[in-house]
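See below for the structure under consideration.
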Amino acid sequence: MQMTINGYVGGANGENDWMTWNPDAELIAFMTSLIDSSDTLLLGRKLATGGFIKYWEDTAISNPEHPFAKKIVDIPKVVFTKTLDKSTWNNTTLTKGNLAEEITDLKKKRGKDILVFGGANFVSSLIKEGLIDEYHLIINPTAMSNGMTIFNSFDGIKKFTPIESKLYSGGKTVLSFKPNDILSS
């Protein structure tokens with residue numbers, strides 16, 4: 001999840017113009033390793049219909065040497081939606097079922113990890129249901145006065161166990177954590 005230094009994942013209306021777009025080769029390698037360790041990509045409807053899938057499909061065609069565009073296109077994607085009835089994207093299925101039940105069923109299948117790419121509301125729902133096993137927060141050297149956050153869907157305090165932190169030469173820092181139990185406030 002891309003994030004500002006003060007914890008926002010999008011502007012007040014979901015804008016992402018605050019993100020720094022200068023990934024270095026090492027950050028691209030890290031992102032590629034996340035995709036390579038996964039065999040399913042979960043997306044919320046807003047991110048999917050907002051152009052995420054189309055962007056990567058177009059990038060894979062226009063720049064076939066892009067380090068992970070083809071990987072994102074090729075990985076099976078599951079879009080969680082309450083409003084769409086048909087997928088217009090390749091290698092993508094829709095699900096309208098109960099979020100916790102659907103993801104629990106996906107986790108029971110044999111295979112690699114399940115990867116989630118943003119959408120503030122979607123990720124907040126996953127956090128609320130305790131469905132995220134590992135967080136990789138990509139901190140941009142940016143702050144803004146207000147915006148969207150992903151850590152506002154649960155009551156109390158949520159503790160994490162650090163896995164790793166790394167500053168990349170392009171200016172972004174990746175903080176990786178495993179969640180602990182939610183403590184009541």
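Residue numbering restarts at 1 in every chain; chains get A, B, ... in the order shown in the structure tokens, and ligands count up from 1 in that same order.
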Quick one: everything within 9 Å of A:Lys96, counting only C-alpha atoms, minus sequence neighbours fewer than 2 positions away in the same chain. Send it as a short mmCIF file (atom, residue, chain, number, x, y, z; two decimals) with N, CA, C and O atoms, in the first residue's frame.
data_model
loop_
_atom_site.label_atom_id
_atom_site.label_comp_id
_atom_site.auth_asym_id
_atom_site.auth_seq_id
_atom_site.Cartn_x
_atom_site.Cartn_y
_atom_site.Cartn_z
N VAL A 79 -11.82 -9.51 -8.20
CA VAL A 79 -12.33 -8.18 -7.88
C VAL A 79 -13.57 -8.35 -7.00
O VAL A 79 -14.52 -9.04 -7.38
N PHE A 80 -13.53 -7.74 -5.83
CA PHE A 80 -14.67 -7.77 -4.91
C PHE A 80 -15.59 -6.61 -5.25
O PHE A 80 -15.16 -5.47 -5.30
N THR A 81 -16.86 -6.93 -5.50
CA THR A 81 -17.81 -5.92 -5.95
C THR A 81 -19.21 -6.27 -5.47
O THR A 81 -19.53 -7.43 -5.26
N LYS A 82 -20.01 -5.25 -5.31
CA LYS A 82 -21.43 -5.44 -5.03
C LYS A 82 -22.26 -4.97 -6.22
O LYS A 82 -23.46 -5.22 -6.26
N THR A 83 -21.62 -4.29 -7.17
CA THR A 83 -22.38 -3.66 -8.26
C THR A 83 -22.09 -4.23 -9.65
O THR A 83 -22.96 -4.18 -10.50
N LEU A 84 -20.90 -4.72 -9.90
CA LEU A 84 -20.58 -5.25 -11.23
C LEU A 84 -21.16 -6.64 -11.41
O LEU A 84 -21.15 -7.45 -10.49
N ASP A 85 -21.62 -6.92 -12.62
CA ASP A 85 -22.17 -8.24 -12.93
C ASP A 85 -21.28 -9.04 -13.86
O ASP A 85 -21.45 -10.26 -13.99
N LEU A 94 -15.03 -11.90 -10.79
CA LEU A 94 -15.72 -11.05 -9.83
C LEU A 94 -16.29 -11.92 -8.72
O LEU A 94 -16.68 -13.06 -8.96
N ASN A 98 -19.61 -12.83 0.70
CA ASN A 98 -19.14 -12.29 1.97
C ASN A 98 -17.62 -12.21 1.94
O ASN A 98 -16.95 -13.21 1.66
N LEU A 99 -17.08 -11.04 2.20
CA LEU A 99 -15.64 -10.79 2.11
C LEU A 99 -14.83 -11.80 2.93
O LEU A 99 -13.92 -12.45 2.41
N GLU A 102 -15.17 -15.42 1.51
CA GLU A 102 -14.50 -15.57 0.22
C GLU A 102 -12.99 -15.65 0.40
O GLU A 102 -12.32 -16.49 -0.21
#
Counting only C-alpha atoms, give me one row per residue of stretch 67-153 of chain A with an atom at most 9 Å from an atom of stretch 51-59 of chain A, showing the shortest contact pair and its distance in Å to one decimal, sorted by chain then residue number, as a tab-separated table.
residue	atom	partner	partner_atom	distance
A:Phe68	CA	A:Trp56	CA	8.8
A:Ala69	CA	A:Trp56	CA	5.4
A:Lys70	CA	A:Trp56	CA	7.5
A:Ile72	CA	A:Trp56	CA	6.8
A:Val73	CA	A:Glu57	CA	5.8
A:Trp89	CA	A:Ile53	CA	7.3
A:Asn90	CA	A:Glu57	CA	8.9
Could you save those same residues with N, CA, C and O atoms as a compact mmCIF listing (two decimals), in the first residue's frame?
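The resulting out_5.txt:
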# COMPACT_ATOMS: atom_id res chain seq x y z
N PHE A 68 7.22 -5.53 -14.29
CA PHE A 68 6.13 -6.32 -13.73
C PHE A 68 4.77 -6.10 -14.36
O PHE A 68 3.79 -6.66 -13.89
N ALA A 69 4.69 -5.36 -15.45
CA ALA A 69 3.39 -5.14 -16.10
C ALA A 69 2.78 -6.47 -16.55
O ALA A 69 1.62 -6.76 -16.28
N LYS A 70 3.57 -7.29 -17.25
CA LYS A 70 3.05 -8.59 -17.72
C LYS A 70 2.68 -9.48 -16.54
O LYS A 70 1.69 -10.21 -16.59
N ILE A 72 1.49 -8.54 -13.64
CA ILE A 72 0.19 -8.11 -13.12
C ILE A 72 -0.93 -8.53 -14.04
O ILE A 72 -2.00 -8.95 -13.60
N VAL A 73 -0.68 -8.46 -15.35
CA VAL A 73 -1.70 -8.89 -16.32
C VAL A 73 -1.93 -10.40 -16.21
O VAL A 73 -3.07 -10.86 -16.24
N TRP A 89 -12.28 -7.59 -17.99
CA TRP A 89 -10.84 -7.73 -18.04
C TRP A 89 -10.45 -9.19 -18.21
O TRP A 89 -11.16 -10.09 -17.77
N ASN A 90 -9.28 -9.39 -18.80
CA ASN A 90 -8.73 -10.73 -18.95
C ASN A 90 -8.23 -11.24 -17.60
O ASN A 90 -7.76 -10.46 -16.78
Polymer residues at most 8 Å from stretch 137-153 of chain A, only C-alpha atoms, same-chain spacing of 5 or more positions, as a PyMOL selection string | chain A and resi 1-14+18-20+120-121+123-125+127-128+171-176
Mind writing the picked residues with N, CA, C and O atoms as a CSV table (one decimal), in the first residue's frame?
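Result file follows (again-v1.csv):
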chain,number,residue,atom,x,y,z
A,1,MET,N,0.8,-1.2,0.0
A,1,MET,CA,0.0,0.0,0.0
A,1,MET,C,0.9,1.2,0.0
A,1,MET,O,1.8,1.3,0.8
A,2,GLN,N,0.7,2.1,-0.9
A,2,GLN,CA,1.4,3.4,-1.0
A,2,GLN,C,0.8,4.3,0.1
A,2,GLN,O,-0.4,4.3,0.3
A,3,MET,N,1.6,5.1,0.8
A,3,MET,CA,1.2,5.9,1.9
A,3,MET,C,2.1,7.1,2.1
A,3,MET,O,3.2,7.1,1.8
A,4,THR,N,1.5,8.2,2.7
A,4,THR,CA,2.3,9.4,3.0
A,4,THR,C,3.0,9.1,4.4
A,4,THR,O,2.6,8.2,5.1
A,5,ILE,N,3.9,10.0,4.7
A,5,ILE,CA,4.6,9.8,6.0
A,5,ILE,C,3.6,10.0,7.2
A,5,ILE,O,3.9,9.5,8.3
A,6,ASN,N,2.5,10.7,7.0
A,6,ASN,CA,1.6,10.9,8.0
A,6,ASN,C,0.3,10.0,7.9
A,6,ASN,O,-0.7,10.2,8.5
A,7,GLY,N,0.5,8.9,7.1
A,7,GLY,CA,-0.5,7.8,7.1
A,7,GLY,C,-1.7,7.9,6.2
A,7,GLY,O,-2.6,7.0,6.3
A,8,TYR,N,-1.7,8.8,5.2
A,8,TYR,CA,-2.7,8.8,4.2
A,8,TYR,C,-2.4,8.0,3.0
A,8,TYR,O,-1.3,7.9,2.6
A,9,VAL,N,-3.4,7.3,2.5
A,9,VAL,CA,-3.2,6.4,1.3
A,9,VAL,C,-3.9,7.0,0.1
A,9,VAL,O,-3.8,6.5,-1.0
A,10,GLY,N,-4.5,8.2,0.2
A,10,GLY,CA,-5.1,8.9,-0.9
A,10,GLY,C,-5.6,10.2,-0.4
A,10,GLY,O,-5.7,10.5,0.8
A,11,GLY,N,-5.8,11.1,-1.3
A,11,GLY,CA,-6.3,12.4,-1.0
A,11,GLY,C,-7.8,12.3,-0.5
A,11,GLY,O,-8.3,11.2,-0.5
A,12,ALA,N,-8.4,13.4,-0.1
A,12,ALA,CA,-9.7,13.3,0.4
A,12,ALA,C,-10.7,12.7,-0.5
A,12,ALA,O,-11.7,12.1,-0.1
A,13,ASN,N,-10.5,12.9,-1.8
A,13,ASN,CA,-11.3,12.3,-2.9
A,13,ASN,C,-10.6,11.2,-3.6
A,13,ASN,O,-11.0,10.9,-4.7
A,14,GLY,N,-9.6,10.6,-3.0
A,14,GLY,CA,-8.9,9.4,-3.6
A,14,GLY,C,-7.8,9.8,-4.5
A,14,GLY,O,-7.2,9.0,-5.1
A,18,TRP,N,0.0,12.8,-5.0
A,18,TRP,CA,1.0,13.0,-3.9
A,18,TRP,C,2.1,12.0,-4.0
A,18,TRP,O,3.2,12.1,-3.4
A,19,MET,N,1.9,10.9,-4.7
A,19,MET,CA,2.8,9.8,-4.8
A,19,MET,C,4.1,10.2,-5.6
A,19,MET,O,4.0,10.9,-6.6
A,20,THR,N,5.2,9.8,-5.1
A,20,THR,CA,6.4,10.0,-5.9
A,20,THR,C,6.6,8.9,-6.8
A,20,THR,O,6.5,7.7,-6.5
A,120,ALA,N,-8.5,2.2,-0.6
A,120,ALA,CA,-8.5,2.4,0.8
A,120,ALA,C,-9.7,1.7,1.5
A,120,ALA,O,-9.5,1.1,2.6
A,121,ASN,N,-10.9,1.8,0.9
A,121,ASN,CA,-12.1,1.2,1.6
A,121,ASN,C,-11.9,-0.3,1.6
A,121,ASN,O,-12.3,-1.0,2.6
A,123,VAL,N,-9.2,-2.2,1.5
A,123,VAL,CA,-8.1,-2.6,2.5
A,123,VAL,C,-8.6,-2.4,3.9
A,123,VAL,O,-8.4,-3.2,4.8
A,124,SER,N,-9.3,-1.3,4.1
A,124,SER,CA,-9.9,-1.1,5.5
A,124,SER,C,-10.8,-2.2,5.9
A,124,SER,O,-10.8,-2.6,7.0
A,125,SER,N,-11.6,-2.7,4.9
A,125,SER,CA,-12.5,-3.8,5.2
A,125,SER,C,-11.7,-5.1,5.5
A,125,SER,O,-12.1,-5.8,6.4
A,127,ILE,N,-8.7,-5.2,6.8
A,127,ILE,CA,-8.1,-4.9,8.2
A,127,ILE,C,-9.2,-5.2,9.3
A,127,ILE,O,-8.9,-5.9,10.2
A,128,LYS,N,-10.4,-4.6,9.1
A,128,LYS,CA,-11.5,-4.8,10.0
A,128,LYS,C,-11.8,-6.3,10.3
A,128,LYS,O,-12.0,-6.7,11.4
A,171,GLY,N,13.8,7.3,-2.8
A,171,GLY,CA,13.1,8.1,-1.8
A,171,GLY,C,12.0,7.4,-1.0
A,171,GLY,O,11.6,7.9,0.0
A,172,LYS,N,11.6,6.2,-1.4
A,172,LYS,CA,10.5,5.5,-0.7
A,172,LYS,C,11.1,4.6,0.3
A,172,LYS,O,12.2,4.1,0.2
A,173,THR,N,10.3,4.4,1.4
A,173,THR,CA,10.7,3.4,2.4
A,173,THR,C,9.6,2.4,2.5
A,173,THR,O,8.4,2.7,2.5
A,174,VAL,N,10.0,1.1,2.5
A,174,VAL,CA,9.0,0.0,2.7
A,174,VAL,C,9.1,-0.5,4.2
A,174,VAL,O,10.2,-0.8,4.6
A,175,LEU,N,8.0,-0.4,4.8
A,175,LEU,CA,7.9,-1.0,6.2
A,175,LEU,C,7.0,-2.2,6.1
A,175,LEU,O,5.9,-2.1,5.6
A,176,SER,N,7.6,-3.3,6.6
A,176,SER,CA,6.8,-4.6,6.5
A,176,SER,C,6.5,-5.1,8.0
A,176,SER,O,7.4,-5.0,8.8
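Those residues that approach A:Phe117 to within 9 Å, counting only C-alpha atoms, are Met1, Leu41, Leu42, Leu43, Gly44, Leu47 and Val123 of chain A; same-chain residues fewer than 6 positions away are not listed.
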Residues flagged strand (DSSP E or B) by DSSP in chain A, as a short mmCIF file (atom, residue, chain, number, x, y, z; two decimals) with N, CA and C atoms, in the first residue's frame:
data_model
loop_
_atom_site.label_atom_id
_atom_site.label_comp_id
_atom_site.auth_asym_id
_atom_site.auth_seq_id
_atom_site.Cartn_x
_atom_site.Cartn_y
_atom_site.Cartn_z
N GLN A 2 0.66 2.13 -0.94
CA GLN A 2 1.36 3.42 -0.97
C GLN A 2 0.77 4.31 0.13
N MET A 3 1.63 5.08 0.80
CA MET A 3 1.17 5.87 1.95
C MET A 3 2.06 7.09 2.12
N GLY A 10 -4.53 8.16 0.23
CA GLY A 10 -5.14 8.88 -0.87
C GLY A 10 -5.59 10.24 -0.39
N SER A 38 3.23 -14.65 -5.28
CA SER A 38 1.77 -14.72 -5.21
C SER A 38 1.20 -15.39 -6.45
N ASP A 39 0.02 -15.98 -6.28
CA ASP A 39 -0.68 -16.54 -7.45
C ASP A 39 -2.10 -16.01 -7.59
N THR A 40 -2.45 -15.03 -6.74
CA THR A 40 -3.76 -14.40 -6.81
C THR A 40 -3.61 -12.95 -6.37
N LEU A 41 -4.27 -12.04 -7.10
CA LEU A 41 -4.26 -10.63 -6.75
C LEU A 41 -5.70 -10.21 -6.45
N LEU A 42 -5.91 -9.65 -5.26
CA LEU A 42 -7.23 -9.17 -4.86
C LEU A 42 -7.30 -7.67 -5.07
N LEU A 43 -8.45 -7.22 -5.60
CA LEU A 43 -8.68 -5.80 -5.82
C LEU A 43 -10.11 -5.45 -5.41
N GLY A 44 -10.30 -4.25 -4.95
CA GLY A 44 -11.64 -3.73 -4.76
C GLY A 44 -12.16 -3.19 -6.08
N LYS A 77 -6.74 -12.43 -11.09
CA LYS A 77 -7.24 -11.35 -10.25
C LYS A 77 -8.67 -11.65 -9.81
N VAL A 78 -8.97 -11.30 -8.56
CA VAL A 78 -10.33 -11.41 -8.03
C VAL A 78 -10.74 -10.01 -7.60
N VAL A 79 -11.82 -9.51 -8.20
CA VAL A 79 -12.33 -8.18 -7.88
C VAL A 79 -13.57 -8.35 -7.00
N PHE A 80 -13.53 -7.74 -5.83
CA PHE A 80 -14.67 -7.77 -4.91
C PHE A 80 -15.59 -6.61 -5.25
N THR A 92 -9.56 -12.19 -14.93
CA THR A 92 -10.16 -11.55 -13.77
C THR A 92 -11.56 -12.12 -13.52
N THR A 93 -11.82 -12.47 -12.26
CA THR A 93 -13.15 -12.91 -11.88
C THR A 93 -13.72 -11.93 -10.87
N LEU A 94 -15.03 -11.90 -10.79
CA LEU A 94 -15.72 -11.05 -9.83
C LEU A 94 -16.29 -11.92 -8.72
N THR A 95 -16.36 -11.36 -7.54
CA THR A 95 -17.03 -12.05 -6.45
C THR A 95 -17.90 -11.04 -5.70
N ASP A 113 1.15 -17.12 -2.10
CA ASP A 113 0.50 -16.08 -1.33
C ASP A 113 -0.60 -15.40 -2.14
N ILE A 114 -1.45 -14.69 -1.44
CA ILE A 114 -2.48 -13.85 -2.04
C ILE A 114 -2.02 -12.41 -1.81
N LEU A 115 -2.00 -11.64 -2.88
CA LEU A 115 -1.53 -10.26 -2.83
C LEU A 115 -2.74 -9.32 -2.96
N VAL A 116 -2.70 -8.22 -2.22
CA VAL A 116 -3.77 -7.22 -2.29
C VAL A 116 -3.13 -5.91 -2.72
N TYR A 135 1.74 -6.89 6.07
CA TYR A 135 1.61 -5.56 5.49
C TYR A 135 2.95 -5.13 4.91
N HIS A 136 2.90 -4.52 3.72
CA HIS A 136 4.07 -3.87 3.12
C HIS A 136 3.63 -2.45 2.79
N LEU A 137 3.99 -1.53 3.66
CA LEU A 137 3.58 -0.14 3.50
C LEU A 137 4.71 0.61 2.80
N ILE A 138 4.41 1.18 1.65
CA ILE A 138 5.40 1.90 0.85
C ILE A 138 5.22 3.38 1.18
N ILE A 139 6.13 3.89 2.00
CA ILE A 139 6.02 5.26 2.50
C ILE A 139 6.69 6.22 1.51
N MET A 148 -7.44 9.98 2.90
CA MET A 148 -8.00 8.68 3.23
C MET A 148 -6.95 7.85 3.98
N ILE A 157 -6.71 -0.56 19.71
CA ILE A 157 -5.33 -0.41 19.26
C ILE A 157 -4.93 -1.70 18.56
N LYS A 158 -4.25 -1.57 17.46
CA LYS A 158 -3.76 -2.74 16.73
C LYS A 158 -2.24 -2.72 16.80
N LYS A 159 -1.67 -3.79 17.27
CA LYS A 159 -0.21 -3.90 17.40
C LYS A 159 0.33 -4.76 16.26
N PHE A 160 1.58 -4.49 15.89
CA PHE A 160 2.24 -5.20 14.79
C PHE A 160 3.62 -5.65 15.21
N THR A 161 4.08 -6.72 14.58
CA THR A 161 5.45 -7.17 14.75
C THR A 161 6.23 -6.78 13.50
N PRO A 162 7.29 -5.98 13.66
CA PRO A 162 8.06 -5.59 12.49
C PRO A 162 8.74 -6.79 11.84
N ILE A 163 8.76 -6.78 10.52
CA ILE A 163 9.47 -7.81 9.75
C ILE A 163 10.75 -7.21 9.17
N GLU A 164 10.58 -6.03 8.54
CA GLU A 164 11.71 -5.42 7.85
C GLU A 164 11.37 -3.97 7.52
N SER A 165 12.41 -3.15 7.42
CA SER A 165 12.24 -1.80 6.88
C SER A 165 13.42 -1.53 5.96
N LYS A 166 13.13 -0.82 4.86
CA LYS A 166 14.19 -0.56 3.90
C LYS A 166 13.93 0.76 3.20
N LEU A 167 14.94 1.63 3.19
CA LEU A 167 14.91 2.88 2.45
C LEU A 167 15.50 2.62 1.07
N THR A 173 10.33 4.37 1.38
CA THR A 173 10.71 3.42 2.42
C THR A 173 9.62 2.37 2.50
N VAL A 174 10.01 1.11 2.54
CA VAL A 174 9.03 0.03 2.71
C VAL A 174 9.14 -0.46 4.15
N LEU A 175 8.00 -0.44 4.84
CA LEU A 175 7.89 -0.96 6.19
C LEU A 175 7.02 -2.21 6.12
N SER A 176 7.55 -3.32 6.59
CA SER A 176 6.81 -4.58 6.54
C SER A 176 6.52 -5.06 7.95
N PHE A 177 5.26 -5.50 8.17
CA PHE A 177 4.80 -5.90 9.50
C PHE A 177 3.89 -7.12 9.40
N LYS A 178 3.80 -7.85 10.50
CA LYS A 178 2.77 -8.86 10.69
C LYS A 178 1.85 -8.33 11.80
N PRO A 179 0.55 -8.47 11.64
CA PRO A 179 -0.37 -7.95 12.66
C PRO A 179 -0.44 -8.86 13.88
N ASN A 180 -0.64 -8.24 15.03
CA ASN A 180 -0.96 -8.94 16.26
C ASN A 180 -2.45 -8.77 16.50
N ASP A 181 -2.95 -9.21 17.63
CA ASP A 181 -4.37 -9.07 17.94
C ASP A 181 -4.74 -7.62 18.25
N ILE A 182 -5.99 -7.28 18.03
CA ILE A 182 -6.50 -5.96 18.39
C ILE A 182 -6.74 -5.95 19.90
N LEU A 183 -6.27 -4.91 20.55
CA LEU A 183 -6.47 -4.73 21.98
C LEU A 183 -7.64 -3.76 22.18
#
